[in-house]
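K.L.:
Pasting work21.txt here (compact mmCIF, C-alpha atoms):
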# COMPACT_ATOMS: atom_id res chain seq x y z
CA MET A 287 200.70 50.98 24.60
CA ALA A 288 201.74 54.53 25.25
CA THR A 289 205.36 53.52 24.96
CA ALA A 290 204.81 51.86 21.62
CA VAL A 291 203.26 55.04 20.20
CA ALA A 292 205.95 57.38 21.50
CA ASP A 293 208.98 55.31 20.58
CA PRO A 294 208.93 55.72 16.79
CA ALA A 295 209.32 59.45 17.02
CA ALA A 296 212.35 59.24 19.28
CA THR A 297 214.08 56.41 17.48
CA PRO A 298 216.45 57.57 14.74
CA GLN A 299 216.13 56.09 11.23
CA SER A 300 218.43 53.27 10.46
CA GLY A 301 221.38 54.23 8.34
CA ALA A 302 221.30 57.98 9.32
CA GLU A 303 224.39 59.51 10.60
CA PRO A 304 224.42 60.88 14.13
CA GLY A 305 223.58 64.51 14.34
CA SER A 306 221.76 64.57 10.97
CA ALA A 307 218.12 65.62 10.73
CA PRO A 308 215.49 62.88 10.50
CA LEU A 309 213.73 62.25 7.17
CA GLY A 310 210.52 64.07 6.36
CA GLY A 311 210.98 67.05 8.57
CA ALA A 312 213.30 69.59 10.18
CA ALA A 313 215.92 68.46 12.47
CA GLY A 314 214.61 67.69 15.93
CA ALA A 315 210.88 68.00 14.92
CA PRO A 316 208.69 65.05 16.02
CA LEU A 317 206.66 63.02 13.45
CA PRO A 318 202.93 63.45 13.44
CA GLY A 319 201.09 60.55 15.16
CA PRO A 320 197.96 59.76 17.06
CA PRO A 321 197.15 62.10 19.87
CA GLN A 322 198.92 61.31 23.04
CA GLY A 323 197.08 61.36 26.33
CA ALA A 324 198.33 61.90 29.78
CA PRO A 325 199.99 58.97 31.41
CA GLY A 326 197.42 56.61 32.97
CA THR A 327 194.56 57.60 30.67
CA LYS A 328 192.45 54.91 28.86
CA LEU A 329 193.08 54.73 25.09
CA CYS A 330 190.91 53.26 22.29
CA THR A 331 192.17 49.88 21.22
CA HIS A 332 191.30 50.68 17.63
CA CYS A 333 192.53 54.24 17.01
CA SER A 334 194.43 55.00 20.30
CA ALA A 335 192.26 58.00 21.02
CA PRO A 336 192.15 59.03 24.68
CA MET A 337 188.99 57.89 26.50
CA ALA A 338 187.63 58.68 29.93
CA GLU A 339 187.59 55.96 32.56
CA SER A 340 183.82 55.75 32.50
CA GLN A 341 183.64 56.01 28.68
CA GLU A 342 182.63 52.69 27.03
CA TRP A 343 182.57 53.80 23.37
CA CYS A 344 185.25 55.68 21.39
CA LEU A 345 184.10 59.04 20.13
CA GLN A 346 186.56 58.92 17.22
CA CYS A 347 185.93 55.49 15.62
CA GLY A 348 182.93 54.20 17.59
CA ALA A 349 184.74 51.05 18.85
CA GLY A 350 183.75 49.69 22.22
CA ALA A 351 186.04 49.91 25.18
CA PRO A 352 187.56 46.69 26.48
CA GLY A 353 185.07 44.95 28.77
CA SER A 354 182.12 47.11 27.76
CA LEU A 355 180.27 44.15 26.23
CA GLY A 356 181.31 41.67 28.89
CA PRO A 357 183.68 38.70 28.49
CA ALA A 358 183.79 36.86 25.14
CA THR A 359 182.73 33.58 26.68
CA SER A 360 179.51 35.07 28.00
CA ARG A 361 178.72 36.50 24.57
CA TRP A 362 179.09 33.04 22.94
CA ALA A 363 176.94 31.47 25.63
CA ILE A 364 174.22 34.02 25.10
CA ALA A 365 174.38 33.44 21.35
CA GLY A 366 174.17 29.64 21.82
CA ILE A 367 171.18 29.92 24.14
CA ALA A 368 169.45 32.22 21.70
CA LEU A 369 170.11 29.76 18.84
CA LEU A 370 168.82 26.81 20.93
CA ALA A 371 165.70 28.76 21.80
CA LEU A 372 165.12 29.42 18.12
CA LEU A 373 165.50 25.70 17.30
CA VAL A 374 163.08 24.71 20.05
CA LEU A 375 160.57 27.24 18.81
CA ALA A 376 161.00 26.00 15.25
CA ALA A 377 160.49 22.34 16.31
CA ALA A 378 157.44 23.28 18.34
CA GLY A 379 156.05 25.16 15.39
CA ALA A 380 156.66 22.23 13.05
CA GLY A 381 154.98 19.79 15.48
CA TYR A 382 152.02 22.04 15.89
CA ALA A 383 151.72 22.44 12.14
CA ALA A 384 151.85 18.61 11.75
CA LEU A 385 149.15 18.12 14.37
CA ARG A 386 147.00 20.73 12.73
CA SER A 387 147.49 19.26 9.27
CA SER A 388 146.79 15.52 10.18
CA PRO A 389 143.14 15.92 11.17
CA LYS A 390 142.53 17.84 7.98
CA LYS A 391 143.48 14.78 5.89
CA ALA A 392 141.12 12.45 7.74
CA PRO A 393 137.96 14.21 6.70
CA VAL A 394 139.23 14.26 3.13
CA VAL A 395 139.44 10.46 3.14
CA THR A 396 136.03 10.08 4.68
CA LYS A 397 134.57 12.41 2.15
CA ILE A 398 136.02 10.30 -0.69
CA LEU A 399 134.70 7.10 0.86
CA ALA A 400 131.32 8.65 1.38
CA ALA A 401 131.25 9.71 -2.24
CA ALA A 402 131.88 6.13 -3.40
CA PRO A 403 128.47 4.74 -2.47
CA ALA A 404 126.85 7.72 -4.15
CA ALA A 405 128.14 6.55 -7.56
CA PRO A 406 126.33 3.15 -7.51
CA ALA A 407 123.20 4.88 -6.32
CA ALA A 408 123.28 7.01 -9.43
CA THR A 409 124.04 3.92 -11.53
CA THR A 410 121.10 1.99 -10.14
CA THR A 411 118.85 4.93 -10.82
CA THR A 412 119.91 5.11 -14.47
CA PRO A 413 118.55 1.69 -15.50
CA ALA A 414 115.34 2.46 -13.68
CA THR A 415 114.77 5.43 -15.94
CA THR A 416 115.81 3.30 -18.93
CA THR A 417 113.43 0.46 -18.13
CA THR A 418 110.50 2.83 -17.62
CA PRO A 419 109.99 3.57 -21.34
CA THR A 420 110.61 -0.07 -22.35
CA THR A 421 108.14 -1.50 -19.83
CA PRO A 422 105.46 -2.31 -22.41
CA ALA A 423 107.94 -4.11 -24.68
CA ALA A 424 109.36 -6.07 -21.73
CA LYS A 425 105.87 -7.08 -20.59
CA THR A 426 105.16 -8.75 -23.87
CA THR A 427 108.52 -10.53 -23.85
CA LEU A 428 108.49 -11.65 -20.20
CA PRO A 429 105.41 -13.87 -20.33
CA ILE A 430 106.65 -15.59 -23.49
CA THR A 431 110.17 -16.21 -22.23
CA PRO A 432 109.27 -17.78 -18.85
CA VAL A 433 106.52 -19.88 -20.38
CA LYS A 434 108.80 -21.58 -22.89
CA PRO A 435 111.61 -22.66 -20.50
CA PRO A 436 109.32 -24.42 -18.00
CA LYS A 437 107.51 -26.28 -20.77
CA ILE A 438 110.69 -27.51 -22.49
CA PRO A 439 112.43 -28.94 -19.41
CA LEU A 440 109.25 -30.46 -18.05
CA SER A 441 108.46 -32.27 -21.27
CA GLN A 442 112.05 -33.43 -21.72
CA ILE A 443 112.74 -34.49 -18.13
CA THR A 444 109.46 -36.17 -17.33
CA PRO A 445 109.21 -38.76 -20.14
CA LYS A 446 112.84 -39.20 -21.17
CA VAL A 447 114.95 -39.13 -18.04
CA PRO A 448 113.09 -41.68 -15.91
CA THR A 449 112.53 -43.97 -18.89
CA LYS A 450 116.21 -44.00 -19.87
CA ALA A 451 117.36 -44.39 -16.29
CA VAL A 452 114.98 -47.27 -15.62
CA THR A 453 115.56 -49.08 -18.90
CA PRO A 454 119.34 -49.60 -18.57
CA SER A 455 119.14 -50.25 -14.85
CA THR A 456 116.49 -52.94 -15.35
CA THR A 457 118.32 -54.43 -18.31
CA THR A 458 121.66 -54.53 -16.54
CA PRO A 459 120.60 -56.72 -13.61
CA THR A 460 118.55 -58.89 -15.97
CA SER A 461 121.56 -59.53 -18.21
CA LYS A 462 123.86 -60.02 -15.23
CA THR A 463 121.56 -62.46 -13.50
CA PRO A 464 121.63 -65.16 -16.17
CA ALA A 465 125.34 -64.58 -16.78
CA SER A 466 126.14 -64.92 -13.12
CA THR A 467 123.82 -67.92 -12.90
CA GLY A 468 125.59 -69.60 -15.79
CA THR A 469 128.98 -68.82 -14.31
CA GLY A 470 127.93 -70.16 -10.94
CA THR A 471 126.64 -73.29 -12.60
CA THR A 472 129.95 -73.94 -14.31
CA THR A 473 131.92 -73.06 -11.20
CA THR A 474 129.97 -75.41 -8.99
CA PRO A 475 130.91 -78.62 -10.81
CA SER A 476 134.51 -77.50 -11.22
CA GLY A 477 134.66 -76.80 -7.46
CA SER A 478 133.08 -80.13 -6.72
CA GLN A 479 135.56 -81.83 -9.02
CA THR A 480 138.44 -80.14 -7.20
CA SER A 481 137.14 -81.11 -3.80
CA SER A 482 136.42 -84.64 -4.97
CA SER A 483 139.92 -84.94 -6.46
CA GLU A 484 141.37 -83.79 -3.15
CA GLU A 485 139.22 -86.31 -1.33
CA ASN A 486 140.40 -89.07 -3.65
CA LYS A 487 144.02 -88.15 -2.88
CA PRO A 488 145.54 -90.30 -0.14
CA GLN A 489 145.70 -88.42 3.14
CA PRO A 490 148.45 -89.04 5.71
CA LEU A 491 147.60 -90.57 9.05
CA LEU A 492 146.84 -88.29 11.96
CA LEU A 493 149.31 -89.18 14.69
CA ASP A 494 149.44 -88.39 18.38
CA THR A 495 151.85 -85.65 19.40
CA ASP A 496 153.94 -88.16 21.39
CA ALA A 497 153.92 -90.85 18.67
CA ALA A 498 157.47 -89.96 17.53
CA SER A 499 160.65 -90.67 19.48
CA THR A 500 164.39 -90.97 18.81
CA TYR A 501 165.46 -94.52 18.00
CA ASN A 502 168.89 -94.80 19.67
CA PRO A 503 169.79 -98.49 20.05
CA TYR A 504 173.51 -97.72 20.67
CA ASN A 505 172.82 -95.32 23.54
CA LEU A 506 174.46 -92.23 22.05
CA PRO A 507 174.29 -89.06 24.23
CA ALA A 508 170.79 -87.58 24.25
CA SER A 509 172.32 -84.11 23.77
CA GLU A 510 173.23 -85.11 20.19
CA PHE A 511 169.54 -85.32 19.19
CA GLY A 512 166.73 -82.82 18.75
CA ASP A 513 163.00 -83.03 19.50
CA PRO A 514 161.49 -85.97 17.53
CA SER A 515 157.92 -84.61 17.85
CA LEU A 516 158.89 -81.90 15.32
CA THR A 517 158.82 -84.58 12.59
CA ILE A 518 155.02 -84.99 12.93
CA ASP A 519 153.95 -81.43 13.87
CA GLY A 520 152.77 -80.64 10.31
CA SER A 521 155.35 -77.87 9.80
CA THR A 522 158.28 -78.22 7.41
CA SER A 523 160.10 -75.30 9.05
CA THR A 524 160.85 -77.34 12.18
CA ALA A 525 163.02 -80.48 12.29
CA TRP A 526 164.48 -83.25 14.43
CA THR A 527 168.29 -83.21 14.22
CA ALA A 528 171.01 -85.77 14.85
CA GLN A 529 174.69 -84.98 15.30
CA VAL A 530 177.21 -86.55 12.94
CA ASN A 531 180.11 -88.07 14.89
CA PRO A 532 183.32 -86.92 13.13
CA SER A 533 185.19 -90.07 14.27
CA THR A 534 182.73 -92.42 12.49
CA ALA A 535 181.45 -90.06 9.75
CA PRO A 536 179.84 -90.44 7.36
CA LEU A 537 178.41 -93.61 8.99
CA MET A 538 175.45 -93.15 11.33
CA ALA A 539 173.27 -95.51 13.42
CA GLU A 540 170.09 -93.76 14.63
CA GLY A 541 166.64 -92.81 13.41
CA VAL A 542 163.07 -91.73 14.18
CA LEU A 543 160.60 -94.25 15.66
CA ILE A 544 156.81 -93.93 15.11
CA ASP A 545 154.27 -95.68 17.36
CA LEU A 546 150.93 -96.17 15.53
CA ARG A 547 149.31 -97.54 18.73
CA VAL A 548 147.55 -100.28 16.70
CA PRO A 549 148.87 -102.22 13.67
CA GLN A 550 148.02 -100.56 10.37
CA ARG A 551 148.79 -101.27 6.73
CA LEU A 552 150.97 -98.61 5.17
CA ALA A 553 151.36 -97.91 1.46
CA SER A 554 154.08 -95.24 1.47
CA VAL A 555 156.04 -92.80 3.61
CA LYS A 556 156.95 -89.23 2.60
CA VAL A 557 160.25 -87.90 3.96
CA ILE A 558 161.00 -84.15 4.02
CA THR A 559 164.55 -83.17 4.94
CA ALA A 560 166.73 -80.05 4.85
CA THR A 561 169.89 -82.19 4.38
CA PRO A 562 169.38 -84.12 1.13
CA GLY A 563 171.82 -86.96 0.43
CA LEU A 564 170.88 -89.11 3.46
CA THR A 565 171.00 -92.89 3.14
CA ILE A 566 167.78 -94.15 4.75
CA GLN A 567 165.78 -97.36 5.13
CA LEU A 568 162.32 -98.14 6.58
CA TYR A 569 161.53 -101.02 8.96
CA GLY A 570 158.26 -102.23 10.52
CA ALA A 571 157.56 -104.34 13.60
CA ASN A 572 154.79 -105.40 15.97
CA GLY A 573 154.65 -106.09 19.68
CA ALA A 574 154.15 -104.24 22.89
CA SER A 575 157.50 -102.48 22.47
CA ALA A 576 159.87 -101.76 19.62
CA PRO A 577 162.88 -104.05 19.12
CA THR A 578 165.94 -102.71 20.96
CA SER A 579 168.34 -103.34 18.05
CA ILE A 580 168.00 -102.62 14.38
CA THR A 581 169.41 -106.07 13.65
CA ALA A 582 166.68 -107.80 15.68
CA PRO A 583 164.65 -110.33 13.64
CA GLU A 584 161.39 -108.64 14.68
CA TRP A 585 162.13 -105.82 12.27
CA LYS A 586 160.84 -106.33 8.76
CA ARG A 587 162.41 -104.40 5.89
CA LEU A 588 159.78 -102.27 4.22
CA SER A 589 162.10 -100.58 1.68
CA HIS A 590 165.52 -100.80 0.14
CA SER A 591 168.41 -98.68 1.35
CA THR A 592 167.79 -95.39 -0.46
CA ILE A 593 169.91 -92.25 -0.85
CA ASP A 594 167.53 -89.36 -0.41
CA ARG A 595 168.98 -86.80 -2.81
CA LYS A 596 165.81 -84.68 -2.73
CA ARG A 597 164.27 -82.60 -0.03
CA HIS A 598 160.92 -84.34 -0.62
CA LEU A 599 161.07 -88.12 -1.12
CA LYS A 600 158.14 -90.54 -1.21
CA VAL A 601 159.12 -94.16 -0.47
CA THR A 602 156.74 -96.96 -1.48
CA LEU A 603 156.64 -99.81 1.08
CA LYS A 604 156.95 -103.48 0.09
CA GLU A 605 154.96 -105.15 2.87
CA SER A 606 151.72 -103.28 2.25
CA LYS A 607 149.66 -106.46 2.89
CA HIS A 608 150.88 -106.65 6.47
CA ALA A 609 149.99 -104.34 9.28
CA PHE A 610 152.63 -102.94 11.64
CA ARG A 611 152.46 -100.95 14.85
CA TRP A 612 156.06 -99.74 14.87
CA LEU A 613 157.79 -97.92 12.02
CA VAL A 614 161.39 -96.68 12.09
CA LEU A 615 163.20 -94.40 9.66
CA TRP A 616 166.77 -95.64 9.94
CA ILE A 617 169.69 -93.35 8.95
CA SER A 618 172.85 -95.28 8.03
CA LYS A 619 174.93 -92.59 6.29
CA ALA A 620 175.17 -88.79 6.34
CA PRO A 621 175.76 -86.63 3.26
CA GLN A 622 179.24 -85.25 2.76
CA ALA A 623 178.02 -81.70 3.29
CA SER A 624 176.82 -82.57 6.82
CA ILE A 625 180.19 -83.83 8.09
CA GLY A 626 181.74 -81.25 10.36
CA THR A 627 184.83 -81.24 12.53
CA ALA A 628 185.61 -82.35 16.06
CA GLN A 629 185.21 -78.76 17.23
CA GLU A 630 182.09 -78.10 15.15
CA PRO A 631 180.27 -81.39 14.34
CA GLY A 632 177.72 -81.48 11.52
CA HIS A 633 174.03 -82.39 11.76
CA VAL A 634 171.36 -84.08 9.69
CA SER A 635 167.68 -83.24 9.95
CA ILE A 636 164.25 -84.77 9.32
CA ASN A 637 161.70 -82.00 8.97
CA GLU A 638 158.55 -84.05 8.45
CA LEU A 639 157.34 -87.68 8.18
CA GLU A 640 153.97 -88.44 6.56
CA LEU A 641 152.57 -91.99 6.68
CA PHE A 642 149.99 -92.93 4.03
CA PRO A 643 147.76 -95.97 4.73
CA VAL A 644 146.54 -98.49 2.20
CA THR A 645 143.23 -97.24 0.76
CA SER A 646 142.00 -100.43 -0.97
For this file, write the structure as structure tokens.

P.N.:
Amino acid sequence: MATAVADPAATPQSGAEPGSAPLGGAAGAPLPGPPQGAPGTKLCTHCSAPMAESQEWCLQCGAGAPGSLGPATSRWAIAGIALLALLVLAAAGAGYAALRSSPKKAPVVTKILAAAPAAPAATTTTPATTTTPTTPAAKTTLPITPVKPPKIPLSQITPKVPTKAVTPSTTTPTSKTPASTGTGTTTTPSGSQTSSSEENKPQPLLLDTDAASTYNPYNLPASEFGDPSLTIDGSTSTAWTAQVNPSTAPLMAEGVLIDLRVPQRLASVKVITATPGLTIQLYGANGASAPTSITAPEWKRLSHSTIDRKRHLKVTLKESKHAFRWLVLWISKAPQASIGTAQEPGHVSINELELFPVTS
């Protein structure tokens, strides 16, 4: 730094000729500048005034000597710590103020709540003072008012309510009793007429469960037939079935045989089938066993050959004067709709047979 201060005086001005005097003064005279100290002396960084080695402040401008206040980093650290301490103190003060202020609000709320019941107390007291002067007027009114209400309801409820309630209730059963009696009287004969008409209707014979069997005089395979007992089980949803042979269709030669156990006179037979269009015929016979062939002379024709085009067909029998033990429903032809193929043969069915005896 001493070199930088001394150099300007020794350096000639640019553009001056050699040997000429410098500007602003006599030739060879130095320019005025800051005071120069001896070599090795400490100078002020602000005004370049000489300072003693132990001097920390400049006596000319008051600037501090380098290093008198410590390093810059330590100054910033001290300032940061001081700022942090201030923040901590401020936060602590705010927390303390909050804690001090919160309990103060609680008593305010309790005081308001405590004041609330005081208002109704004053209100209840007000009518008491009001009623005090009107006590004589109220005394005259009170006995009249309660006396009238009890008398009115008692007189109205006692005579009217029970009388009205009893009168309709007694009248209602009385009126219903003859009406129901008359209705029952009319219903009874009508019911008796219905039951008597049902009794007058001819009833089918009650047969044993094993009274029905498959009549198979030509010994066709048993696998081609169903259960014959289903024709007399009383249910039209079940049926005996017989397979239609595609090679001989629509011709058939089988039927259902009924064993009555003892000879009986039959008036008619009702046939129920799920395959209408069957050609059927009824035969009757007697003896210990049924004839083995449909062409045997022991069989008596009881009906003509009939095409049953209905699901329910009632056939009237010709030989009603003669009694028979054996009855056969013979099927000679299947309907066209029941003819299947060799791979899937068709079937005919008899769902129910009902035998009606002669009543007279």

K.L.:
For A:Ser334, which of A:Ala349, A:Ala508, A:Ala497, A:Ala582 is the closest residue, counting all atoms listed in the file?

P.N.:
A:Ala349

K.L.:
To one decimal in Å, tell me the separation between atom CA of A:Tyr504 and atom CA of A:Val601.

P.N.:
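Straight-line distance from atom CA of A:Tyr504 to atom CA of A:Val601 works out to 25.8 Å.
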
K.L.:
Would you kindly return, as a PDB file with C-alpha atoms, in the frame of the given file, each protein, DNA or RNA residue with an atom no farther than 9 Å from any atom of A:Pro562, considering only C-alpha atoms and excluding same-chain residues fewer than 4 positions away?

P.N.:
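The new file result_5.pdb reads:
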ATOM      1  CA  ILE A 558     161.000 -84.150   4.020  1.00  0.00           C
ATOM      2  CA  ILE A 593     169.910 -92.250  -0.850  1.00  0.00           C
ATOM      3  CA  ASP A 594     167.530 -89.360  -0.410  1.00  0.00           C
ATOM      4  CA  ARG A 595     168.980 -86.800  -2.810  1.00  0.00           C
ATOM      5  CA  LYS A 596     165.810 -84.680  -2.730  1.00  0.00           C
ATOM      6  CA  ARG A 597     164.270 -82.600  -0.030  1.00  0.00           C
ATOM      7  CA  HIS A 598     160.920 -84.340  -0.620  1.00  0.00           C
ATOM      8  CA  PRO A 621     175.760 -86.630   3.260  1.00  0.00           C
ATOM      9  CA  VAL A 634     171.360 -84.080   9.690  1.00  0.00           C
TER      10      VAL A 634
END

K.L.:
My list of candidates is A:Trp612, A:Tyr501, A:Tyr569, A:Phe511. Which is closest to A:Ile544 when distances are computed with only C-alpha atoms?

P.N.:
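Looking only at the distances to A:Ile544, the closest residue turns out to be A:Trp612.
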
K.L.:
At most 8 Å from (146.2, -87.7, 4.9), file frame, all atoms listed in the file: which residues, as a ChimeraX atom specification?

P.N.:
/A:488-492,640-642

K.L.:
Just checking: using all atoms listed in the file, which residue out of A:Asn637, A:Asn572, A:Asn486, A:Asn505 ends up closest to A:Ala609?

P.N.:
A:Asn572

K.L.:
Would you please work out which residue, of A:Gly520, A:Gly379, A:Gly366, A:Pro583, is nearest to A:Asp494 when using all atoms listed in the file?

P.N.:
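Nearest to A:Asp494: A:Gly520.
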
K.L.:
Expressed in Å to a single decimal, how great is the separation between atom CA of A:Leu639 and atom CA of A:Ala553?

P.N.:
13.6 Å

K.L.:
Only C-alpha atoms, as a PDB file, in the first residue's frame: that is what I want for stretch 587-627 of chain A.

P.N.:
ATOM      1  CA  ARG A 587    -116.592-107.555 -28.266  1.00  0.00           C
ATOM      2  CA  LEU A 588    -117.900-104.884 -25.943  1.00  0.00           C
ATOM      3  CA  SER A 589    -117.447-101.922 -28.333  1.00  0.00           C
ATOM      4  CA  HIS A 590    -116.795-101.059 -31.935  1.00  0.00           C
ATOM      5  CA  SER A 591    -113.340-100.173 -33.183  1.00  0.00           C
ATOM      6  CA  THR A 592    -113.064 -96.493 -32.238  1.00  0.00           C
ATOM      7  CA  ILE A 593    -110.517 -93.816 -33.111  1.00  0.00           C
ATOM      8  CA  ASP A 594    -109.903 -91.910 -29.914  1.00  0.00           C
ATOM      9  CA  ARG A 595    -109.329 -88.390 -31.214  1.00  0.00           C
ATOM     10  CA  LYS A 596    -109.789 -86.857 -27.745  1.00  0.00           C
ATOM     11  CA  ARG A 597    -107.692 -87.022 -24.658  1.00  0.00           C
ATOM     12  CA  HIS A 598    -110.767 -88.022 -22.635  1.00  0.00           C
ATOM     13  CA  LEU A 599    -113.071 -90.596 -24.262  1.00  0.00           C
ATOM     14  CA  LYS A 600    -115.973 -92.435 -22.627  1.00  0.00           C
ATOM     15  CA  VAL A 601    -116.938 -95.668 -24.422  1.00  0.00           C
ATOM     16  CA  THR A 602    -120.364 -97.195 -23.756  1.00  0.00           C
ATOM     17  CA  LEU A 603    -120.282-101.028 -23.648  1.00  0.00           C
ATOM     18  CA  LYS A 604    -122.756-103.198 -25.560  1.00  0.00           C
ATOM     19  CA  GLU A 605    -122.868-106.291 -23.356  1.00  0.00           C
ATOM     20  CA  SER A 606    -123.960-104.501 -20.190  1.00  0.00           C
ATOM     21  CA  LYS A 607    -126.341-107.378 -19.277  1.00  0.00           C
ATOM     22  CA  HIS A 608    -123.450-109.813 -18.974  1.00  0.00           C
ATOM     23  CA  ALA A 609    -120.812-109.853 -16.322  1.00  0.00           C
ATOM     24  CA  PHE A 610    -117.125-110.270 -17.159  1.00  0.00           C
ATOM     25  CA  ARG A 611    -114.020-110.800 -15.070  1.00  0.00           C
ATOM     26  CA  TRP A 612    -111.463-109.841 -17.715  1.00  0.00           C
ATOM     27  CA  LEU A 613    -111.451-106.596 -19.683  1.00  0.00           C
ATOM     28  CA  VAL A 614    -108.852-105.635 -22.290  1.00  0.00           C
ATOM     29  CA  LEU A 615    -108.274-102.306 -24.011  1.00  0.00           C
ATOM     30  CA  TRP A 616    -106.891-103.386 -27.366  1.00  0.00           C
ATOM     31  CA  ILE A 617    -104.778-100.952 -29.460  1.00  0.00           C
ATOM     32  CA  SER A 618    -104.783-101.796 -33.177  1.00  0.00           C
ATOM     33  CA  LYS A 619    -103.386 -98.589 -34.709  1.00  0.00           C
ATOM     34  CA  ALA A 620    -101.164 -95.707 -33.586  1.00  0.00           C
ATOM     35  CA  PRO A 621    -101.709 -92.067 -34.555  1.00  0.00           C
ATOM     36  CA  GLN A 622     -99.472 -90.636 -37.236  1.00  0.00           C
ATOM     37  CA  ALA A 623     -97.828 -88.276 -34.767  1.00  0.00           C
ATOM     38  CA  SER A 624     -96.611 -91.228 -32.665  1.00  0.00           C
ATOM     39  CA  ILE A 625     -94.697 -92.958 -35.468  1.00  0.00           C
ATOM     40  CA  GLY A 626     -90.997 -92.422 -35.011  1.00  0.00           C
ATOM     41  CA  THR A 627     -87.946 -93.763 -36.790  1.00  0.00           C
TER      42      THR A 627
END
